[in-house]
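Okay, query_3.cif now, which holds mmCIF, C-alpha atoms and all ligand atoms:
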```cif
data_data
#
loop_
_atom_site.label_atom_id
_atom_site.label_comp_id
_atom_site.auth_asym_id
_atom_site.auth_seq_id
_atom_site.Cartn_x
_atom_site.Cartn_y
_atom_site.Cartn_z
CA MET A 1439 23.56 2.67 6.89
CA ARG A 1440 20.82 1.80 9.36
CA ALA A 1441 17.31 1.81 7.97
CA LYS A 1442 15.25 4.72 9.19
CA LEU A 1443 11.77 3.81 10.37
CA ALA A 1444 9.18 6.43 11.03
CA LEU A 1445 6.57 5.77 13.68
CA ILE A 1446 3.56 8.00 13.88
CA GLY A 1447 1.48 8.42 17.04
CA LYS A 1448 3.94 9.10 19.84
CA ASP A 1449 1.65 8.89 22.85
CA ASP A 1450 -0.38 5.98 21.67
CA PRO A 1451 0.01 2.82 23.84
CA VAL A 1452 -0.25 0.44 20.87
CA THR A 1453 2.42 2.41 19.01
CA LYS A 1454 4.66 2.06 22.05
CA ARG A 1455 4.16 -1.71 21.88
CA VAL A 1456 5.09 -1.68 18.21
CA LEU A 1457 8.19 0.33 19.03
CA GLY A 1458 9.06 -2.27 21.66
CA LEU A 1459 8.79 -5.06 19.08
CA ILE A 1460 11.03 -3.29 16.60
CA THR A 1461 13.75 -2.08 18.91
CA GLN A 1462 14.48 -5.62 20.02
CA VAL A 1463 16.32 -6.01 16.76
CA LYS A 1464 19.44 -4.11 15.77
CA GLY A 1465 19.80 -2.48 12.39
CA PHE A 1466 16.88 -0.06 12.55
CA LYS A 1467 16.88 3.52 13.61
CA VAL A 1468 13.43 4.41 14.83
CA ALA A 1469 12.07 7.93 15.10
CA TYR A 1470 8.69 9.37 15.83
CA PHE A 1471 7.33 11.40 12.98
CA PRO A 1472 4.94 14.34 12.97
CA ASP A 1473 1.38 13.25 13.43
CA PRO A 1474 -0.83 14.22 10.45
CA ARG A 1475 -3.80 14.49 12.85
CA GLU A 1476 -2.09 17.55 14.29
CA GLY A 1477 -1.56 18.99 10.81
CA LYS A 1478 2.22 18.65 11.06
CA VAL A 1479 4.45 17.74 8.14
CA ALA A 1480 7.74 15.90 8.11
CA GLY A 1481 9.70 18.48 6.12
CA GLN A 1482 13.07 17.27 4.93
CA LEU A 1483 13.05 14.05 6.96
CA LYS A 1484 12.90 11.05 4.68
CA PRO A 1485 12.27 7.65 6.25
CA HIS A 1486 12.71 4.26 4.57
CA VAL A 1487 9.47 2.85 5.96
CA ILE A 1488 6.56 4.54 7.68
CA ILE A 1489 4.72 2.64 10.40
CA VAL A 1490 1.36 4.00 11.37
CA GLN A 1491 -1.89 2.99 13.05
CA GLY A 1492 -4.51 1.66 10.67
CA ASN A 1493 -7.04 4.38 11.42
CA ILE A 1494 -4.51 7.16 10.80
CA PHE A 1495 -3.53 5.49 7.52
CA LEU A 1496 -7.16 5.25 6.41
CA ASN A 1497 -7.91 8.88 7.22
CA TYR A 1498 -4.65 10.58 6.32
CA GLN A 1499 -3.01 8.45 3.65
CA ASP A 1500 -3.09 11.20 1.01
CA LYS A 1501 -1.36 13.58 3.39
CA LEU A 1502 1.23 10.94 4.26
CA LYS A 1503 1.89 10.09 0.64
CA THR A 1504 2.10 13.65 -0.67
CA GLN A 1505 4.77 14.57 1.89
CA TRP A 1506 7.17 12.34 0.01
CA ALA A 1507 5.42 12.34 -3.35
CA ARG A 1508 8.60 12.10 -5.41
CA HIS A 1509 9.81 8.93 -3.71
CA PHE A 1510 8.35 5.58 -2.95
CA ILE A 1511 8.15 5.01 0.79
CA PRO A 1512 6.31 1.90 1.98
CA ILE A 1513 3.61 2.56 4.55
CA MET A 1514 2.90 -0.26 7.00
CA ALA A 1515 -0.33 0.02 8.93
CA TYR A 1516 -0.95 -1.87 12.16
CA THR A 1517 -4.19 -2.55 13.94
CA LEU A 1518 -5.91 -4.74 16.49
CA ASP A 1519 -8.98 -5.05 14.26
CA PRO A 1520 -9.02 -7.71 11.48
CA LYS A 1521 -11.56 -5.67 9.47
CA GLU A 1522 -9.32 -2.62 9.58
CA GLU A 1523 -6.36 -4.79 8.55
CA GLN A 1524 -8.29 -5.85 5.45
CA LEU A 1525 -9.38 -2.28 4.71
CA CYS A 1526 -5.83 -0.93 4.95
CA MET A 1527 -4.64 -3.50 2.38
CA GLU A 1528 -7.54 -2.64 0.09
CA GLN A 1529 -6.75 1.08 0.37
CA GLY A 1530 -3.14 0.66 -0.68
CA ALA A 1531 -1.03 0.17 2.45
CA SER A 1532 2.21 -1.61 1.54
CA ASP A 1533 1.52 -4.02 4.38
CA ALA A 1534 -1.10 -4.29 7.13
CA VAL A 1535 -0.10 -5.89 10.39
CA LEU A 1536 -2.63 -7.42 12.75
CA LEU A 1537 -1.52 -7.18 16.39
CA PRO A 1538 -0.57 -8.92 18.56
CA LEU A 1539 2.29 -10.42 16.63
CA GLN A 1540 4.72 -13.13 17.50
CA GLU A 1541 8.10 -11.85 18.56
CA GLY A 1542 10.34 -11.20 15.59
CA SER A 1543 7.67 -11.38 12.92
CA LEU A 1544 7.19 -7.61 12.77
CA THR A 1545 10.87 -7.10 12.07
CA THR A 1546 10.71 -9.71 9.29
CA ARG A 1547 7.86 -7.83 7.72
CA VAL A 1548 9.65 -4.51 8.07
CA ARG A 1549 12.68 -6.08 6.38
CA ASN A 1550 10.48 -7.26 3.51
CA GLN A 1551 9.26 -3.70 3.01
CA LEU A 1552 12.85 -2.45 3.05
CA LYS A 1553 13.73 -4.90 0.28
CA ILE A 1554 10.81 -3.63 -1.81
CA LYS A 1555 11.89 -0.06 -1.10
CA SER A 1556 15.43 -0.71 -2.28
CA LEU A 1557 14.15 -2.34 -5.50
CA MET A 1558 11.86 0.62 -6.13
CA ASP A 1559 14.77 3.02 -5.51
CA GLU A 1560 16.80 1.20 -8.14
CA MET A 1561 13.89 1.48 -10.55
CA GLU A 1562 13.54 5.19 -9.78
CA LYS A 1563 17.18 5.66 -10.74
CA VAL A 1564 16.61 3.91 -14.08
CA ASP A 1565 13.48 6.02 -14.67
CA ASN A 1566 15.50 9.16 -13.97
CA VAL A 1567 18.07 8.06 -16.53
CA LEU A 1568 15.29 7.71 -19.11
CA PHE A 1569 13.89 11.16 -18.35
CA THR A 1570 17.38 12.54 -18.73
CA ILE A 1571 17.63 10.83 -22.14
CA ALA A 1572 14.30 12.43 -23.08
CA LYS A 1573 15.80 15.84 -22.26
CA ILE A 1574 18.87 15.05 -24.36
CA VAL A 1575 16.56 14.15 -27.27
CA GLU A 1576 14.84 17.49 -26.88
CA ALA A 1577 18.19 19.26 -27.14
CA LYS A 1578 19.38 17.10 -30.05
CA ASP A 1579 16.15 17.49 -31.99
CA TYR A 1580 16.31 21.27 -32.28
CA TYR A 1581 12.74 21.59 -31.15
CA THR A 1582 11.91 24.89 -29.62
CA LYS A 1583 13.02 24.45 -26.04
CA GLY A 1584 10.32 23.02 -23.82
CA HIS A 1585 8.56 20.83 -26.42
CA ILE A 1586 8.39 17.83 -24.10
CA HIS A 1587 6.93 19.80 -21.22
CA ARG A 1588 4.42 21.59 -23.42
CA VAL A 1589 3.28 18.28 -24.96
CA THR A 1590 2.96 16.86 -21.46
CA SER A 1591 0.96 19.79 -20.17
CA TYR A 1592 -1.35 19.90 -23.23
CA SER A 1593 -1.90 16.14 -22.92
CA TYR A 1594 -2.60 16.41 -19.21
CA GLY A 1595 -5.14 19.17 -19.84
CA ILE A 1596 -6.94 17.03 -22.42
CA GLY A 1597 -6.91 14.07 -20.01
CA LEU A 1598 -8.46 16.18 -17.25
CA THR A 1599 -11.16 17.53 -19.58
CA MET A 1600 -11.96 13.99 -20.71
CA GLY A 1601 -12.28 12.80 -17.10
CA LEU A 1602 -9.43 10.29 -17.08
CA THR A 1603 -8.67 8.50 -13.82
CA LYS A 1604 -5.71 9.45 -11.63
CA ARG A 1605 -3.85 6.36 -12.77
CA GLU A 1606 -4.50 7.14 -16.47
CA LEU A 1607 -3.34 10.72 -15.96
CA LYS A 1608 -0.11 9.51 -14.39
CA THR A 1609 0.54 7.14 -17.30
CA LEU A 1610 -0.32 9.91 -19.74
CA LYS A 1611 2.22 12.19 -18.11
CA ILE A 1612 5.01 9.61 -18.21
CA GLY A 1613 4.22 8.62 -21.81
CA ALA A 1614 4.11 12.24 -22.96
CA LEU A 1615 7.47 12.97 -21.32
CA LEU A 1616 9.03 9.95 -23.02
CA HIS A 1617 7.10 9.91 -26.32
CA ASP A 1618 10.09 10.74 -28.53
CA ILE A 1619 12.79 8.96 -26.53
CA GLY A 1620 13.49 6.70 -29.54
CA LYS A 1621 14.98 9.71 -31.35
CA ILE A 1622 18.11 9.18 -29.25
CA ALA A 1623 18.93 6.46 -31.81
CA ILE A 1624 18.30 8.69 -34.87
CA PRO A 1625 21.45 10.22 -36.41
CA ASP A 1626 22.07 13.91 -35.69
CA SER A 1627 22.43 14.53 -39.43
CA ILE A 1628 18.70 13.79 -39.75
CA LEU A 1629 17.47 15.33 -36.49
CA ALA A 1630 19.32 18.58 -37.05
CA LYS A 1631 18.96 18.78 -40.81
CA GLU A 1632 17.99 22.15 -42.19
CA GLY A 1633 15.10 21.92 -44.61
CA PRO A 1634 12.80 19.01 -45.44
CA LEU A 1635 13.91 15.38 -45.08
CA THR A 1636 14.34 13.09 -48.08
CA LYS A 1637 12.14 9.98 -48.33
CA GLU A 1638 14.99 7.79 -47.00
CA GLU A 1639 15.66 10.14 -44.10
CA MET A 1640 11.97 10.28 -43.27
CA ASP A 1641 11.86 6.46 -43.24
CA ILE A 1642 14.65 6.44 -40.66
CA MET A 1643 12.93 9.14 -38.64
CA LYS A 1644 9.75 7.07 -38.63
CA GLN A 1645 11.53 4.31 -36.74
CA HIS A 1646 11.65 6.37 -33.53
CA PRO A 1647 8.38 5.07 -32.02
CA LEU A 1648 9.54 1.46 -32.28
CA LEU A 1649 13.05 2.33 -31.08
CA GLY A 1650 11.59 4.15 -28.07
CA TYR A 1651 9.30 1.23 -27.34
CA ARG A 1652 12.29 -1.13 -27.31
CA ILE A 1653 14.27 1.16 -24.99
CA CYS A 1654 11.46 1.35 -22.42
CA LYS A 1655 9.99 -2.16 -22.72
CA PRO A 1656 12.26 -3.88 -20.16
CA LEU A 1657 11.05 -1.51 -17.42
CA SER A 1658 7.82 -2.74 -15.92
CA SER A 1659 7.23 0.67 -14.28
CA LEU A 1660 6.83 2.14 -17.77
CA ASN A 1661 4.49 -0.54 -19.11
CA GLY A 1662 1.44 1.70 -19.31
CA ALA A 1663 3.35 4.38 -21.21
CA LEU A 1664 4.59 2.00 -23.93
CA ASP A 1665 1.40 2.43 -25.99
CA ILE A 1666 1.99 6.18 -26.12
CA ILE A 1667 5.61 5.80 -27.19
CA LEU A 1668 4.75 3.25 -29.89
CA TYR A 1669 1.52 4.72 -31.26
CA HIS A 1670 1.77 8.53 -30.99
CA HIS A 1671 2.20 8.82 -34.79
CA GLU A 1672 -0.79 6.66 -35.72
CA LYS A 1673 -3.63 8.53 -37.44
CA TRP A 1674 -7.39 8.26 -36.92
CA ASP A 1675 -7.90 7.30 -40.61
CA GLY A 1676 -5.27 4.54 -40.48
CA THR A 1677 -2.59 6.33 -42.54
CA GLY A 1678 -0.11 6.79 -39.68
CA TYR A 1679 2.83 4.69 -38.52
CA PRO A 1680 4.28 2.30 -37.41
CA GLN A 1681 1.28 -0.05 -37.68
CA GLY A 1682 -1.38 1.91 -39.55
CA LEU A 1683 -3.92 1.44 -36.73
CA ALA A 1684 -7.22 3.29 -37.18
CA ASP A 1685 -9.77 5.03 -34.90
CA LEU A 1686 -10.39 3.15 -31.63
CA GLU A 1687 -7.67 0.60 -32.40
CA ILE A 1688 -5.23 3.33 -31.44
CA PRO A 1689 -4.93 3.40 -27.64
CA LEU A 1690 -6.69 6.43 -26.12
CA LEU A 1691 -3.61 7.90 -24.44
CA ALA A 1692 -1.65 7.72 -27.70
CA ARG A 1693 -4.50 9.54 -29.50
CA ILE A 1694 -4.29 12.29 -26.88
CA VAL A 1695 -0.52 12.72 -27.19
CA ALA A 1696 -0.84 12.74 -31.02
CA VAL A 1697 -2.98 15.89 -30.84
CA ALA A 1698 -0.76 17.63 -28.26
CA ASP A 1699 2.44 16.65 -30.07
CA THR A 1700 1.30 17.81 -33.50
CA PHE A 1701 -0.05 21.07 -32.16
CA ASP A 1702 3.24 21.89 -30.50
CA ALA A 1703 5.29 20.67 -33.48
CA VAL A 1704 3.48 22.93 -35.97
CA SER A 1705 3.41 25.93 -33.67
CA SER A 1706 7.10 25.68 -32.70
CA SER A 1707 9.99 26.06 -35.09
CA ARG A 1708 11.62 22.81 -36.20
CA ASN A 1709 14.19 22.42 -38.89
CA TYR A 1710 12.54 19.79 -41.00
CA MET A 1711 9.12 21.46 -40.90
CA GLU A 1712 8.75 23.99 -43.68
CA ARG A 1713 6.98 26.65 -41.68
CA THR A 1714 5.83 27.50 -38.22
CA LEU A 1715 2.18 28.31 -37.65
CA SER A 1716 0.71 30.85 -35.27
CA LYS A 1717 -1.43 29.34 -32.51
CA LYS A 1718 -4.58 30.43 -34.36
CA ASP A 1719 -3.46 28.74 -37.59
CA ALA A 1720 -2.43 25.64 -35.66
CA ILE A 1721 -5.97 25.48 -34.26
CA ILE A 1722 -7.36 25.71 -37.82
CA LEU A 1723 -5.07 22.85 -38.84
CA LEU A 1724 -6.30 20.68 -35.96
CA GLU A 1725 -9.90 21.42 -36.94
CA GLU A 1726 -9.21 20.56 -40.58
CA GLU A 1727 -7.55 17.29 -39.65
CA SER A 1728 -10.09 16.30 -37.00
CA GLY A 1729 -11.59 13.00 -38.17
CA THR A 1730 -8.70 12.23 -40.54
CA HIS A 1731 -5.47 12.64 -38.58
CA PHE A 1732 -7.03 13.05 -35.14
CA ASP A 1733 -9.80 11.65 -32.97
CA PRO A 1734 -12.50 14.38 -33.17
CA ASP A 1735 -13.46 14.05 -29.48
CA ILE A 1736 -9.88 14.72 -28.45
CA VAL A 1737 -9.50 17.72 -30.76
CA GLU A 1738 -12.69 19.09 -29.24
CA ALA A 1739 -11.44 18.59 -25.67
CA PHE A 1740 -8.09 20.20 -26.52
CA LEU A 1741 -9.54 23.20 -28.31
CA LYS A 1742 -11.99 23.81 -25.50
CA ASN A 1743 -9.03 24.30 -23.15
CA LEU A 1744 -6.91 26.20 -25.63
CA ARG A 1745 -9.55 28.71 -26.66
CA LYS A 1746 -10.18 29.47 -23.00
CA GLU A 1747 -6.46 30.10 -22.57
CA LEU A 1748 -6.19 32.28 -25.67
CA ARG A 1749 -9.13 34.43 -24.57
CA ARG A 1750 -7.36 35.24 -21.27
FE FE A 1801 7.37 11.37 -32.28
FE FE A 1802 7.27 15.10 -30.16
#
```

Would you mind writing the file's structure down as structure tokens?
Ligand SMILES: [Fe+2]
Ligand SMILES: [Fe+2]
Amino acid sequence: MRAKLALIGKDDPVTKRVLGLITQVKGFKVAYFPDPREGKVAGQLKPHVIIVQGNIFLNYQDKLKTQWARHFIPIMAYTLDPKEEQLCMEQGASDAVLLPLQEGSLTTRVRNQLKIKSLMDEMEKVDNVLFTIAKIVEAKDYYTKGHIHRVTSYSYGIGLTMGLTKRELKTLKIGALLHDIGKIAIPDSILAKEGPLTKEEMDIMKQHPLLGYRICKPLSSLNGALDIILYHHEKWDGTGYPQGLADLEIPLLARIVAVADTFDAVSSSRNYMERTLSKKDAIILLEEESGTHFDPDIVEAFLKNLRKELRR
């Protein structure tokens, strides 16, 4: 399959020169793409690499990126201005090309971006497999349906209230979705058991954070989320597992997911929990355990959101 390159800026003379440089080499299919300056979107079209003028990249990069938000597509910016070249790299272009270029070197750089794209696509596939495993865990664990998504949305709400950065919020989301992935390695007889677990069964259950950590560790794209997977059962007073970390030793994102996860666990029906609490009683439980099980600042941020929601 020929690689599809998207050029933006049809009537621009420099873009035409860039097109000339690329079409000298076979193997690429080049198409002009809707210009974000005209408010147009690309719809279903999905290129392998986007090639765009530096100034359009700097002014419209969010628009360009959100059109294909679910997939990684490298954006190469080109410019005649060395300062703009630098700025494009700083602002997150996959590559910035300073024109004029020697014949052939643009195609080499496009090829490099295509290699990166194909590696990222492979990684995306592996990530998707992991998210599928997380869904299987949800089904196996006899949680009330939707546990993972509720934990993710509660966690995200807390993160927003606490003013986390975009990058932290993204990591929080991935970690929350995968937090219990290690349960895939826990026997069904324990996950689906009716009634409370024995001490031995509970010990096996408590291995799921470490098992999940080991499953996700080889994937560098999930590095940030590992802390959440490993530490979401630690407690503020140091009585949690697997390492018995206390207060600020527990990574912030793991402290957030701990609150969201417990709230959903106690307010949803689960076989090894003795009872299910109403949302109001679950709030009381969080308040009672604030400062022992949970980071008080996070409980406060969560309840602020939740009370607002309950009043609606
Ligand atoms: Fe867990
Ligand atoms: Fe959970």

Nearest to ligand FE 1801 (chain A) by atom-to-atom distance, counting all atoms listed in the file, from A:Asp1719, A:Glu1727, A:Glu1576, A:Asp1685 |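 That would be A:Glu1576, the residue with the smallest distance to ligand FE 1801 (chain A).
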
Looking at A:Ser1728, A:Tyr1470, A:Phe1701, A:Ile1666, which one is nearest to Asp1449 (chain A), with distances taken over all atoms listed in the file?
->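 Among A:Ser1728, A:Tyr1470, A:Phe1701, A:Ile1666, it is A:Tyr1470 that comes nearest to Asp1449 (chain A).
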
Name all residues at most 12 Å from Gln1645 (chain A) (count all atoms listed in the file; drop same-chain ones fewer than 4 positions away) and give them as a list of chain:residue names.
-> A:Asp1618, A:Ile1619, A:Gly1620, A:Lys1621, A:Ile1622, A:Ala1623, A:Ile1624, A:Pro1625, A:Glu1638, A:Glu1639, A:Met1640, A:Asp1641, A:Leu1649, A:Gly1650, A:Tyr1651, A:Arg1652, A:Ile1667, A:Leu1668, A:Tyr1669, A:His1671, A:Tyr1679, A:Pro1680, A:Gln1681

Residues up to 7 Å from ligand FE 1802 (chain A), counting only C-alpha atoms and all ligand atoms: could you list those as an NGL selection string?
-> :A and (1585-1586 or 1617-1618 or 1699 or 1703)

Quick one, how far is CA of Gly1729 (chain A) from CA of Leu1610 (chain A)?
-> 21.8 Å

Could you tell me how far CA of Tyr1594 (chain A) lies from CA of Ala1692 (chain A), in Å and to one decimal?
->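 Between CA of Tyr1594 (chain A) and CA of Ala1692 (chain A) the gap works out to 12.2 Å.
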
In Å, rounded to a single decimal, give me how far CA of Ser1593 (chain A) is from CA of Ile1694 (chain A).
->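 Rounded to one decimal, the two atoms are 6.0 Å apart.
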
Near-region 1672-1677 of chain A list (6 Å; only C-alpha atoms; drop same-chain fewer than 3 positions) as number ranges by chain = A: 1669, 1682-1685, 1730-1733

Residues at most 12 Å from Ile1722 (chain A), counting all atoms listed in the file, excluding those fewer than 5 positions away in the same chain, as a ChimeraX atom specification?
-> /A:1701,1704-1705,1715-1717,1727-1728,1737,1741,1745

Resulting file, chosen residues, C-alpha atoms, as a short mmCIF file (atom, residue, chain, number, x, y, z; two decimals), in the frame of the given file:
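Listed below is the output, part_37.cif:
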```
data_model
loop_
_atom_site.label_atom_id
_atom_site.label_comp_id
_atom_site.auth_asym_id
_atom_site.auth_seq_id
_atom_site.Cartn_x
_atom_site.Cartn_y
_atom_site.Cartn_z
CA PHE A 1701 -0.05 21.07 -32.16
CA VAL A 1704 3.48 22.93 -35.97
CA SER A 1705 3.41 25.93 -33.67
CA LEU A 1715 2.18 28.31 -37.65
CA SER A 1716 0.71 30.85 -35.27
CA LYS A 1717 -1.43 29.34 -32.51
CA GLU A 1727 -7.55 17.29 -39.65
CA SER A 1728 -10.09 16.30 -37.00
CA VAL A 1737 -9.50 17.72 -30.76
CA LEU A 1741 -9.54 23.20 -28.31
CA ARG A 1745 -9.55 28.71 -26.66
#
```

At most 6 Å from (7.8, -0.1, 7.1), file frame, only C-alpha atoms: which residues, as a count of residues only?
-> 8

Within 7 Å of Leu1615 (chain A), counting all atoms listed in the file, which residues show up once you throw out same-chain ones fewer than 3 positions away? Write them as a list of chain:residue names, please.
-> A:Ile1586, A:His1587, A:Thr1590, A:Lys1611, A:Ile1612

Nearest to ligand FE 1801 (chain A), restricted to only C-alpha atoms and all ligand atoms and choosing among A:Lys1578, A:His1646, A:Lys1746, A:Lys1467, comes out as A:His1646

Between A:Ile1494, A:Leu1686, A:Val1589, A:Ile1721, smallest distance to ligand FE 1801 (chain A) by all atoms listed in the file belongs to A:Val1589

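For the choices A:Leu1616, A:Ala1720, A:Met1561, A:Ile1736, the atom-to-atom distance to ligand FE 1801 (chain A) is smallest for A:Leu1616 when using only C-alpha atoms and all ligand atoms.
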
Copy region 1603-1627 of chain A out of the block into a file, keeping N, CA and C atoms, as an mmCIF file, in the first residue's frame.
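Result went into selection10.cif, see below:
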```
data_model
loop_
_atom_site.group_PDB
_atom_site.id
_atom_site.type_symbol
_atom_site.label_atom_id
_atom_site.label_comp_id
_atom_site.auth_asym_id
_atom_site.auth_seq_id
_atom_site.Cartn_x
_atom_site.Cartn_y
_atom_site.Cartn_z
ATOM 1 N N THR A 1603 -2.420 18.769 34.999
ATOM 2 C CA THR A 1603 -2.094 19.147 33.619
ATOM 3 C C THR A 1603 -2.760 18.176 32.647
ATOM 4 N N LYS A 1604 -2.786 18.584 31.368
ATOM 5 C CA LYS A 1604 -3.370 17.731 30.326
ATOM 6 C C LYS A 1604 -2.693 16.366 30.312
ATOM 7 N N ARG A 1605 -1.367 16.396 30.411
ATOM 8 C CA ARG A 1605 -0.604 15.143 30.357
ATOM 9 C C ARG A 1605 -0.954 14.243 31.556
ATOM 10 N N GLU A 1606 -1.058 14.865 32.756
ATOM 11 C CA GLU A 1606 -1.414 14.079 33.950
ATOM 12 C C GLU A 1606 -2.816 13.488 33.815
ATOM 13 N N LEU A 1607 -3.729 14.293 33.241
ATOM 14 C CA LEU A 1607 -5.106 13.804 33.076
ATOM 15 C C LEU A 1607 -5.156 12.608 32.134
ATOM 16 N N LYS A 1608 -4.320 12.667 31.089
ATOM 17 C CA LYS A 1608 -4.295 11.559 30.128
ATOM 18 C C LYS A 1608 -3.783 10.284 30.813
ATOM 19 N N THR A 1609 -2.688 10.456 31.589
ATOM 20 C CA THR A 1609 -2.133 9.300 32.309
ATOM 21 C C THR A 1609 -3.153 8.750 33.300
ATOM 22 N N LEU A 1610 -3.843 9.670 33.977
ATOM 23 C CA LEU A 1610 -4.850 9.275 34.960
ATOM 24 C C LEU A 1610 -5.940 8.425 34.301
ATOM 25 N N LYS A 1611 -6.347 8.857 33.124
ATOM 26 C CA LYS A 1611 -7.399 8.145 32.404
ATOM 27 C C LYS A 1611 -6.936 6.721 32.034
ATOM 28 N N ILE A 1612 -5.731 6.634 31.494
ATOM 29 C CA ILE A 1612 -5.223 5.310 31.083
ATOM 30 C C ILE A 1612 -5.072 4.406 32.305
ATOM 31 N N GLY A 1613 -4.489 4.956 33.376
ATOM 32 C CA GLY A 1613 -4.266 4.174 34.600
ATOM 33 C C GLY A 1613 -5.575 3.712 35.218
ATOM 34 N N ALA A 1614 -6.587 4.594 35.194
ATOM 35 C CA ALA A 1614 -7.880 4.224 35.784
ATOM 36 C C ALA A 1614 -8.531 3.107 34.960
ATOM 37 N N LEU A 1615 -8.417 3.207 33.637
ATOM 38 C CA LEU A 1615 -9.003 2.166 32.784
ATOM 39 C C LEU A 1615 -8.340 0.805 33.022
ATOM 40 N N LEU A 1616 -7.027 0.854 33.325
ATOM 41 C CA LEU A 1616 -6.283 -0.412 33.447
ATOM 42 C C LEU A 1616 -6.025 -0.828 34.897
ATOM 43 N N HIS A 1617 -6.558 -0.095 35.884
ATOM 44 C CA HIS A 1617 -6.098 -0.284 37.265
ATOM 45 C C HIS A 1617 -6.205 -1.735 37.763
ATOM 46 N N ASP A 1618 -7.224 -2.449 37.340
ATOM 47 C CA ASP A 1618 -7.413 -3.820 37.838
ATOM 48 C C ASP A 1618 -7.035 -4.885 36.820
ATOM 49 N N ILE A 1619 -6.246 -4.521 35.828
ATOM 50 C CA ILE A 1619 -5.942 -5.470 34.745
ATOM 51 C C ILE A 1619 -5.285 -6.746 35.271
ATOM 52 N N GLY A 1620 -4.571 -6.641 36.402
ATOM 53 C CA GLY A 1620 -3.911 -7.815 36.992
ATOM 54 C C GLY A 1620 -4.889 -8.895 37.427
ATOM 55 N N LYS A 1621 -6.170 -8.549 37.556
ATOM 56 C CA LYS A 1621 -7.161 -9.548 37.985
ATOM 57 C C LYS A 1621 -7.388 -10.612 36.921
ATOM 58 N N ILE A 1622 -6.897 -10.351 35.696
ATOM 59 C CA ILE A 1622 -6.993 -11.361 34.643
ATOM 60 C C ILE A 1622 -6.276 -12.644 35.090
ATOM 61 N N ALA A 1623 -5.278 -12.487 35.981
ATOM 62 C CA ALA A 1623 -4.501 -13.654 36.418
ATOM 63 C C ALA A 1623 -5.030 -14.237 37.737
ATOM 64 N N ILE A 1624 -6.138 -13.710 38.246
ATOM 65 C CA ILE A 1624 -6.725 -14.233 39.490
ATOM 66 C C ILE A 1624 -7.785 -15.287 39.127
ATOM 67 N N PRO A 1625 -7.768 -16.445 39.784
ATOM 68 C CA PRO A 1625 -8.730 -17.495 39.419
ATOM 69 C C PRO A 1625 -10.191 -17.038 39.541
ATOM 70 N N ASP A 1626 -11.004 -17.517 38.614
ATOM 71 C CA ASP A 1626 -12.437 -17.191 38.617
ATOM 72 C C ASP A 1626 -13.109 -17.590 39.932
ATOM 73 N N SER A 1627 -12.608 -18.704 40.521
ATOM 74 C CA SER A 1627 -13.235 -19.180 41.760
ATOM 75 C C SER A 1627 -13.139 -18.121 42.861
#
```
